[in-house]
$ cat upload.txt   # compact mmCIF, N, CA and C atoms
# COMPACT_ATOMS: atom_id res chain seq x y z
N MET A 1 43.08 56.01 2.72
CA MET A 1 44.22 56.90 2.70
C MET A 1 45.23 56.42 1.67
N ILE A 2 45.78 57.35 0.94
CA ILE A 2 46.79 57.00 -0.06
C ILE A 2 48.17 57.27 0.56
N ALA A 3 48.92 56.22 0.74
CA ALA A 3 50.27 56.33 1.30
C ALA A 3 51.28 55.91 0.23
N LEU A 4 52.54 56.13 0.52
CA LEU A 4 53.59 55.78 -0.45
C LEU A 4 53.55 54.33 -0.87
N TRP A 5 53.23 53.44 0.05
CA TRP A 5 53.29 52.01 -0.24
C TRP A 5 52.02 51.46 -0.91
N ASN A 6 50.96 52.24 -0.95
CA ASN A 6 49.73 51.71 -1.57
C ASN A 6 49.23 52.59 -2.71
N ARG A 7 50.12 53.38 -3.29
CA ARG A 7 49.71 54.23 -4.38
C ARG A 7 50.42 53.84 -5.68
N LYS A 8 49.83 54.28 -6.77
CA LYS A 8 50.42 54.03 -8.08
C LYS A 8 50.25 55.31 -8.91
N ARG A 9 51.29 55.66 -9.66
CA ARG A 9 51.19 56.88 -10.46
C ARG A 9 50.25 56.66 -11.62
N LEU A 10 49.25 57.48 -11.70
CA LEU A 10 48.26 57.41 -12.76
C LEU A 10 48.75 58.14 -14.00
N VAL A 11 49.28 59.33 -13.80
CA VAL A 11 49.69 60.15 -14.94
C VAL A 11 50.72 61.18 -14.51
N LEU A 12 51.53 61.56 -15.46
CA LEU A 12 52.47 62.67 -15.31
C LEU A 12 52.19 63.62 -16.46
N THR A 13 51.90 64.86 -16.13
CA THR A 13 51.58 65.84 -17.16
C THR A 13 52.23 67.18 -16.83
N TYR A 14 52.46 67.96 -17.85
CA TYR A 14 52.98 69.30 -17.70
C TYR A 14 51.91 70.36 -17.98
N GLU A 15 50.71 69.91 -18.28
CA GLU A 15 49.62 70.81 -18.67
C GLU A 15 48.62 70.98 -17.53
N LEU A 16 48.43 72.22 -17.12
CA LEU A 16 47.50 72.53 -16.04
C LEU A 16 46.08 72.11 -16.39
N SER A 17 45.68 72.33 -17.63
CA SER A 17 44.32 71.98 -18.04
C SER A 17 44.07 70.48 -18.00
N VAL A 18 45.07 69.68 -18.33
CA VAL A 18 44.93 68.22 -18.29
C VAL A 18 44.81 67.74 -16.85
N GLN A 19 45.66 68.24 -15.96
CA GLN A 19 45.57 67.79 -14.58
C GLN A 19 44.26 68.24 -13.94
N ALA A 20 43.75 69.41 -14.32
CA ALA A 20 42.47 69.88 -13.79
C ALA A 20 41.32 68.98 -14.26
N LYS A 21 41.34 68.60 -15.53
CA LYS A 21 40.29 67.73 -16.07
C LYS A 21 40.33 66.35 -15.40
N ILE A 22 41.54 65.82 -15.20
CA ILE A 22 41.68 64.51 -14.54
C ILE A 22 41.17 64.59 -13.10
N ARG A 23 41.52 65.65 -12.39
CA ARG A 23 41.04 65.84 -11.02
C ARG A 23 39.52 65.90 -10.99
N GLU A 24 38.95 66.60 -11.94
CA GLU A 24 37.49 66.73 -12.03
C GLU A 24 36.84 65.37 -12.22
N ILE A 25 37.36 64.57 -13.13
CA ILE A 25 36.80 63.24 -13.42
C ILE A 25 36.94 62.33 -12.21
N LEU A 26 38.11 62.31 -11.59
CA LEU A 26 38.33 61.44 -10.44
C LEU A 26 37.41 61.83 -9.28
N SER A 27 37.28 63.12 -9.02
CA SER A 27 36.39 63.58 -7.95
C SER A 27 34.94 63.22 -8.22
N ALA A 28 34.51 63.40 -9.45
CA ALA A 28 33.12 63.10 -9.82
C ALA A 28 32.80 61.62 -9.66
N ASN A 29 33.83 60.78 -9.74
CA ASN A 29 33.64 59.33 -9.63
C ASN A 29 34.12 58.79 -8.29
N GLN A 30 34.30 59.66 -7.32
CA GLN A 30 34.71 59.30 -5.96
C GLN A 30 35.98 58.45 -5.91
N VAL A 31 36.96 58.79 -6.73
CA VAL A 31 38.26 58.11 -6.71
C VAL A 31 39.24 59.03 -5.98
N ASP A 32 39.77 58.55 -4.86
CA ASP A 32 40.75 59.34 -4.12
C ASP A 32 42.04 59.46 -4.92
N TYR A 33 42.64 60.62 -4.84
CA TYR A 33 43.88 60.87 -5.57
C TYR A 33 44.73 61.84 -4.77
N THR A 34 45.98 61.91 -5.12
CA THR A 34 46.88 62.91 -4.58
C THR A 34 47.75 63.42 -5.72
N ILE A 35 48.12 64.69 -5.63
CA ILE A 35 48.93 65.31 -6.68
C ILE A 35 50.24 65.77 -6.08
N ASN A 36 51.30 65.52 -6.81
CA ASN A 36 52.61 65.99 -6.41
C ASN A 36 53.09 66.97 -7.48
N PRO A 37 52.85 68.28 -7.26
CA PRO A 37 53.33 69.26 -8.24
C PRO A 37 54.79 69.62 -7.97
N VAL A 38 55.56 69.73 -9.01
CA VAL A 38 56.97 70.10 -8.91
C VAL A 38 57.22 71.24 -9.88
N MET A 39 57.77 72.30 -9.38
CA MET A 39 58.10 73.45 -10.23
C MET A 39 59.48 73.22 -10.84
N LEU A 40 59.55 73.33 -12.15
CA LEU A 40 60.81 73.14 -12.88
C LEU A 40 61.24 74.47 -13.47
N SER A 41 62.46 74.84 -13.24
CA SER A 41 63.00 76.06 -13.84
C SER A 41 63.78 75.71 -15.09
N LEU A 42 63.29 76.17 -16.20
CA LEU A 42 63.93 75.89 -17.48
C LEU A 42 64.35 77.21 -18.12
N ARG A 43 65.56 77.57 -17.90
CA ARG A 43 66.13 78.84 -18.40
C ARG A 43 65.26 80.03 -18.03
N LYS A 44 64.52 80.57 -18.99
CA LYS A 44 63.77 81.80 -18.73
C LYS A 44 62.34 81.58 -18.25
N ASN A 45 61.83 80.38 -18.37
CA ASN A 45 60.45 80.17 -17.91
C ASN A 45 60.40 79.04 -16.88
N THR A 46 59.33 79.05 -16.13
CA THR A 46 59.12 78.03 -15.12
C THR A 46 57.94 77.18 -15.55
N GLN A 47 58.10 75.89 -15.42
CA GLN A 47 57.07 74.96 -15.82
C GLN A 47 56.77 74.04 -14.65
N ALA A 48 55.54 73.60 -14.54
CA ALA A 48 55.16 72.69 -13.47
C ALA A 48 54.98 71.28 -14.03
N GLU A 49 55.38 70.33 -13.22
CA GLU A 49 55.19 68.90 -13.53
C GLU A 49 54.18 68.39 -12.52
N TYR A 50 53.12 67.76 -12.99
CA TYR A 50 52.07 67.25 -12.11
C TYR A 50 52.05 65.73 -12.16
N LYS A 51 52.30 65.11 -11.02
CA LYS A 51 52.19 63.66 -10.90
C LYS A 51 50.93 63.37 -10.10
N ILE A 52 50.04 62.61 -10.70
CA ILE A 52 48.78 62.27 -10.04
C ILE A 52 48.82 60.80 -9.67
N TYR A 53 48.57 60.53 -8.39
CA TYR A 53 48.60 59.17 -7.86
C TYR A 53 47.21 58.76 -7.39
N VAL A 54 46.92 57.47 -7.53
CA VAL A 54 45.69 56.89 -6.98
C VAL A 54 46.07 55.65 -6.18
N HIS A 55 45.13 55.17 -5.40
CA HIS A 55 45.35 53.94 -4.65
C HIS A 55 45.49 52.79 -5.65
N LYS A 56 46.34 51.85 -5.33
CA LYS A 56 46.57 50.71 -6.24
C LYS A 56 45.27 50.01 -6.62
N LYS A 57 44.37 49.89 -5.67
CA LYS A 57 43.10 49.19 -5.95
C LYS A 57 42.20 49.96 -6.92
N ASP A 58 42.42 51.25 -7.05
CA ASP A 58 41.62 52.09 -7.95
C ASP A 58 42.28 52.36 -9.29
N TYR A 59 43.48 51.85 -9.49
CA TYR A 59 44.28 52.20 -10.66
C TYR A 59 43.58 51.86 -11.98
N GLU A 60 43.10 50.64 -12.13
CA GLU A 60 42.46 50.21 -13.39
C GLU A 60 41.22 51.05 -13.69
N ARG A 61 40.42 51.28 -12.68
CA ARG A 61 39.21 52.09 -12.86
C ARG A 61 39.57 53.52 -13.24
N ALA A 62 40.56 54.09 -12.58
CA ALA A 62 40.99 55.46 -12.88
C ALA A 62 41.51 55.56 -14.31
N CYS A 63 42.27 54.57 -14.75
CA CYS A 63 42.77 54.57 -16.13
C CYS A 63 41.60 54.59 -17.11
N TYR A 64 40.58 53.79 -16.84
CA TYR A 64 39.42 53.74 -17.70
C TYR A 64 38.69 55.08 -17.73
N LEU A 65 38.55 55.71 -16.56
CA LEU A 65 37.83 56.98 -16.46
C LEU A 65 38.51 58.12 -17.22
N ILE A 66 39.84 58.12 -17.25
CA ILE A 66 40.55 59.25 -17.85
C ILE A 66 41.05 58.98 -19.27
N LYS A 67 40.73 57.84 -19.82
CA LYS A 67 41.29 57.46 -21.11
C LYS A 67 41.04 58.48 -22.22
N ASP A 68 39.90 59.15 -22.21
CA ASP A 68 39.60 60.12 -23.26
C ASP A 68 40.37 61.43 -23.08
N VAL A 69 40.77 61.74 -21.86
CA VAL A 69 41.52 62.97 -21.60
C VAL A 69 42.93 62.86 -22.19
N LEU A 70 43.48 61.67 -22.19
CA LEU A 70 44.85 61.49 -22.60
C LEU A 70 45.04 61.27 -24.11
N ARG A 71 43.97 61.32 -24.85
CA ARG A 71 44.06 61.14 -26.31
C ARG A 71 44.49 62.38 -26.99
$ encode --input "upload.txt" --output "structure tokens"
Amino acid sequence: MIALWNRKRLVLTYELSVQAKIREILSANQVDYTINPVMLSLRKNTQAEYKIYVHKKDYERACYLIKDVLR
């Protein structure tokens, strides 16, 4: 279980396609994750901020798995 005290933020992105790809990679590699989406209102448009967290013990592995997505 990923709780507040044993999680680490893996990535913060504003792109839906990036968060979807990261979720796909983490799921395929059996890495538990949680997403905290926040809707931001910026004048005339609304944008989402996606914070993806993993368990602290999985952080290094998750970073390695998603390294190509973040390039």
$ closest_residue --input "upload.txt" --among "A:Pro37, A:Val54, A:Lys67, A:Tyr59" --to "Glu15 of chain A" --atoms "only C-alpha atoms"
A:Pro37
$ atom_distance --input "upload.txt" --atom1 "atom CA of Val38 of chain A" --atom2 "atom CA of Arg71 of chain A"
23.4 Å
$ atom_distance --input "upload.txt" --atom1 "atom CA of Arg7 of chain A" --atom2 "atom C of Ile52 of chain A"
8.5 Å
$ atom_distance --input "upload.txt" --atom1 "atom CA of Ala28 of chain A" --atom2 "atom CA of Leu70 of chain A"
17.4 Å
$ select_by_dssp --input "upload.txt" --residues "chain A" --states "alpha helix (DSSP H)" --output "ChimeraX atom specification"
/A:16-28,59-66
$ write_last_selection --input "upload.txt" --atoms "N, CA and C atoms" --output "short mmCIF file (atom, residue, chain, number, x, y, z; two decimals), keeping the file's coordinate frame"
data_model
loop_
_atom_site.label_atom_id
_atom_site.label_comp_id
_atom_site.auth_asym_id
_atom_site.auth_seq_id
_atom_site.Cartn_x
_atom_site.Cartn_y
_atom_site.Cartn_z
N LEU A 16 48.43 72.22 -17.12
CA LEU A 16 47.50 72.53 -16.04
C LEU A 16 46.08 72.11 -16.39
N SER A 17 45.68 72.33 -17.63
CA SER A 17 44.32 71.98 -18.04
C SER A 17 44.07 70.48 -18.00
N VAL A 18 45.07 69.68 -18.33
CA VAL A 18 44.93 68.22 -18.29
C VAL A 18 44.81 67.74 -16.85
N GLN A 19 45.66 68.24 -15.96
CA GLN A 19 45.57 67.79 -14.58
C GLN A 19 44.26 68.24 -13.94
N ALA A 20 43.75 69.41 -14.32
CA ALA A 20 42.47 69.88 -13.79
C ALA A 20 41.32 68.98 -14.26
N LYS A 21 41.34 68.60 -15.53
CA LYS A 21 40.29 67.73 -16.07
C LYS A 21 40.33 66.35 -15.40
N ILE A 22 41.54 65.82 -15.20
CA ILE A 22 41.68 64.51 -14.54
C ILE A 22 41.17 64.59 -13.10
N ARG A 23 41.52 65.65 -12.39
CA ARG A 23 41.04 65.84 -11.02
C ARG A 23 39.52 65.90 -10.99
N GLU A 24 38.95 66.60 -11.94
CA GLU A 24 37.49 66.73 -12.03
C GLU A 24 36.84 65.37 -12.22
N ILE A 25 37.36 64.57 -13.13
CA ILE A 25 36.80 63.24 -13.42
C ILE A 25 36.94 62.33 -12.21
N LEU A 26 38.11 62.31 -11.59
CA LEU A 26 38.33 61.44 -10.44
C LEU A 26 37.41 61.83 -9.28
N SER A 27 37.28 63.12 -9.02
CA SER A 27 36.39 63.58 -7.95
C SER A 27 34.94 63.22 -8.22
N ALA A 28 34.51 63.40 -9.45
CA ALA A 28 33.12 63.10 -9.82
C ALA A 28 32.80 61.62 -9.66
N TYR A 59 43.48 51.85 -9.49
CA TYR A 59 44.28 52.20 -10.66
C TYR A 59 43.58 51.86 -11.98
N GLU A 60 43.10 50.64 -12.13
CA GLU A 60 42.46 50.21 -13.39
C GLU A 60 41.22 51.05 -13.69
N ARG A 61 40.42 51.28 -12.68
CA ARG A 61 39.21 52.09 -12.86
C ARG A 61 39.57 53.52 -13.24
N ALA A 62 40.56 54.09 -12.58
CA ALA A 62 40.99 55.46 -12.88
C ALA A 62 41.51 55.56 -14.31
N CYS A 63 42.27 54.57 -14.75
CA CYS A 63 42.77 54.57 -16.13
C CYS A 63 41.60 54.59 -17.11
N TYR A 64 40.58 53.79 -16.84
CA TYR A 64 39.42 53.74 -17.70
C TYR A 64 38.69 55.08 -17.73
N LEU A 65 38.55 55.71 -16.56
CA LEU A 65 37.83 56.98 -16.46
C LEU A 65 38.51 58.12 -17.22
N ILE A 66 39.84 58.12 -17.25
CA ILE A 66 40.55 59.25 -17.85
C ILE A 66 41.05 58.98 -19.27
#
$ residues_near_point --input "upload.txt" --point "(53.4, 57.3, -10.7)" --cutoff "7 Å" --atoms "all atoms listed in the file" --output "PyMOL selection string"
chain A and resi 7-12+51-53
$ closest_residue --input "upload.txt" --among "A:His55, A:Ser41, A:Val31, A:Leu16" --to "Ile2 of chain A" --atoms "only N, CA and C atoms"
A:His55
$ decode --input "upload.txt" --residues "segment 14-60 of chain A" --atoms "N, CA and C atoms" --output "CSV table (one decimal), in the first residue's frame"
chain,number,residue,atom,x,y,z
A,14,TYR,N,2.0,18.0,-16.8
A,14,TYR,CA,0.8,18.7,-17.3
A,14,TYR,C,0.2,18.0,-18.5
A,15,GLU,N,0.9,17.0,-19.0
A,15,GLU,CA,0.5,16.4,-20.3
A,15,GLU,C,-0.2,15.0,-20.0
A,16,LEU,N,-1.4,14.9,-20.5
A,16,LEU,CA,-2.2,13.7,-20.4
A,16,LEU,C,-1.5,12.5,-21.0
A,17,SER,N,-0.9,12.7,-22.2
A,17,SER,CA,-0.3,11.6,-22.9
A,17,SER,C,1.0,11.1,-22.1
A,18,VAL,N,1.7,12.0,-21.4
A,18,VAL,CA,2.9,11.6,-20.7
A,18,VAL,C,2.4,10.8,-19.5
A,19,GLN,N,1.4,11.2,-18.7
A,19,GLN,CA,1.0,10.5,-17.5
A,19,GLN,C,0.4,9.1,-17.9
A,20,ALA,N,-0.3,9.1,-19.1
A,20,ALA,CA,-0.8,7.8,-19.5
A,20,ALA,C,0.3,6.8,-19.9
A,21,LYS,N,1.4,7.3,-20.6
A,21,LYS,CA,2.5,6.4,-20.9
A,21,LYS,C,3.2,5.9,-19.7
A,22,ILE,N,3.4,6.8,-18.7
A,22,ILE,CA,4.1,6.4,-17.4
A,22,ILE,C,3.2,5.4,-16.7
A,23,ARG,N,1.9,5.6,-16.6
A,23,ARG,CA,1.0,4.6,-16.0
A,23,ARG,C,1.1,3.3,-16.7
A,24,GLU,N,1.2,3.3,-18.0
A,24,GLU,CA,1.3,2.0,-18.8
A,24,GLU,C,2.6,1.3,-18.5
A,25,ILE,N,3.7,2.0,-18.4
A,25,ILE,CA,5.0,1.4,-18.1
A,25,ILE,C,5.0,0.8,-16.7
A,26,LEU,N,4.5,1.6,-15.7
A,26,LEU,CA,4.5,1.1,-14.4
A,26,LEU,C,3.7,-0.1,-14.2
A,27,SER,N,2.5,-0.1,-14.8
A,27,SER,CA,1.6,-1.2,-14.7
A,27,SER,C,2.2,-2.5,-15.3
A,28,ALA,N,2.8,-2.3,-16.5
A,28,ALA,CA,3.4,-3.4,-17.2
A,28,ALA,C,4.5,-4.1,-16.4
A,29,ASN,N,5.2,-3.3,-15.5
A,29,ASN,CA,6.3,-3.7,-14.7
A,29,ASN,C,5.9,-4.0,-13.3
A,30,GLN,N,4.6,-4.1,-13.0
A,30,GLN,CA,4.1,-4.3,-11.6
A,30,GLN,C,4.6,-3.4,-10.6
A,31,VAL,N,4.7,-2.1,-10.9
A,31,VAL,CA,5.1,-1.1,-9.9
A,31,VAL,C,3.8,-0.4,-9.5
A,32,ASP,N,3.5,-0.5,-8.2
A,32,ASP,CA,2.3,0.2,-7.7
A,32,ASP,C,2.6,1.8,-7.7
A,33,TYR,N,1.5,2.5,-8.1
A,33,TYR,CA,1.6,3.9,-8.1
A,33,TYR,C,0.3,4.5,-7.7
A,34,THR,N,0.3,5.8,-7.5
A,34,THR,CA,-1.0,6.5,-7.2
A,34,THR,C,-0.8,7.9,-7.9
A,35,ILE,N,-1.9,8.4,-8.4
A,35,ILE,CA,-1.9,9.7,-9.1
A,35,ILE,C,-2.8,10.7,-8.4
A,36,ASN,N,-2.3,11.9,-8.3
A,36,ASN,CA,-3.0,13.0,-7.7
A,36,ASN,C,-3.2,14.0,-8.8
A,37,PRO,N,-4.4,13.9,-9.5
A,37,PRO,CA,-4.7,15.0,-10.5
A,37,PRO,C,-5.3,16.2,-9.8
A,38,VAL,N,-4.9,17.4,-10.3
A,38,VAL,CA,-5.4,18.6,-9.8
A,38,VAL,C,-5.8,19.5,-11.0
A,39,MET,N,-7.0,19.9,-11.0
A,39,MET,CA,-7.4,20.8,-12.1
A,39,MET,C,-7.1,22.2,-11.7
A,40,LEU,N,-6.4,22.9,-12.7
A,40,LEU,CA,-6.0,24.3,-12.5
A,40,LEU,C,-6.7,25.2,-13.5
A,41,SER,N,-7.3,26.2,-13.0
A,41,SER,CA,-8.0,27.2,-13.8
A,41,SER,C,-7.1,28.3,-14.2
A,42,LEU,N,-6.8,28.4,-15.4
A,42,LEU,CA,-5.9,29.5,-15.9
A,42,LEU,C,-6.6,30.4,-16.9
A,43,ARG,N,-7.2,31.4,-16.4
A,43,ARG,CA,-8.0,32.4,-17.2
A,43,ARG,C,-9.0,31.7,-18.0
A,44,LYS,N,-8.8,31.5,-19.3
A,44,LYS,CA,-9.9,31.0,-20.1
A,44,LYS,C,-9.9,29.4,-20.3
A,45,ASN,N,-8.8,28.8,-19.9
A,45,ASN,CA,-8.7,27.4,-20.1
A,45,ASN,C,-8.4,26.7,-18.8
A,46,THR,N,-8.7,25.4,-18.8
A,46,THR,CA,-8.4,24.6,-17.6
A,46,THR,C,-7.4,23.6,-17.9
A,47,GLN,N,-6.4,23.4,-17.0
A,47,GLN,CA,-5.3,22.5,-17.3
A,47,GLN,C,-5.2,21.6,-16.1
A,48,ALA,N,-4.8,20.4,-16.3
A,48,ALA,CA,-4.6,19.4,-15.2
A,48,ALA,C,-3.2,19.2,-14.9
A,49,GLU,N,-2.9,19.1,-13.6
A,49,GLU,CA,-1.5,18.8,-13.1
A,49,GLU,C,-1.6,17.4,-12.6
A,50,TYR,N,-0.7,16.5,-13.0
A,50,TYR,CA,-0.7,15.1,-12.6
A,50,TYR,C,0.6,14.8,-11.8
A,51,LYS,N,0.4,14.5,-10.6
A,51,LYS,CA,1.5,14.1,-9.7
A,51,LYS,C,1.4,12.5,-9.6
A,52,ILE,N,2.5,11.9,-9.9
A,52,ILE,CA,2.5,10.4,-9.9
A,52,ILE,C,3.5,10.0,-8.8
A,53,TYR,N,3.0,9.2,-7.8
A,53,TYR,CA,3.8,8.8,-6.7
A,53,TYR,C,4.0,7.3,-6.8
A,54,VAL,N,5.1,6.8,-6.3
A,54,VAL,CA,5.4,5.4,-6.1
A,54,VAL,C,5.9,5.2,-4.7
A,55,HIS,N,6.0,3.9,-4.3
A,55,HIS,CA,6.5,3.6,-3.0
A,55,HIS,C,8.0,3.9,-3.0
A,56,LYS,N,8.5,4.4,-1.8
A,56,LYS,CA,9.9,4.7,-1.7
A,56,LYS,C,10.8,3.6,-2.2
A,57,LYS,N,10.5,2.4,-1.9
A,57,LYS,CA,11.4,1.3,-2.2
A,57,LYS,C,11.4,1.0,-3.8
A,58,ASP,N,10.4,1.5,-4.5
A,58,ASP,CA,10.3,1.3,-5.9
A,58,ASP,C,10.8,2.5,-6.7
A,59,TYR,N,11.2,3.6,-6.0
A,59,TYR,CA,11.5,4.8,-6.7
A,59,TYR,C,12.6,4.7,-7.7
A,60,GLU,N,13.7,4.1,-7.4
A,60,GLU,CA,14.9,4.0,-8.3
A,60,GLU,C,14.5,3.2,-9.5
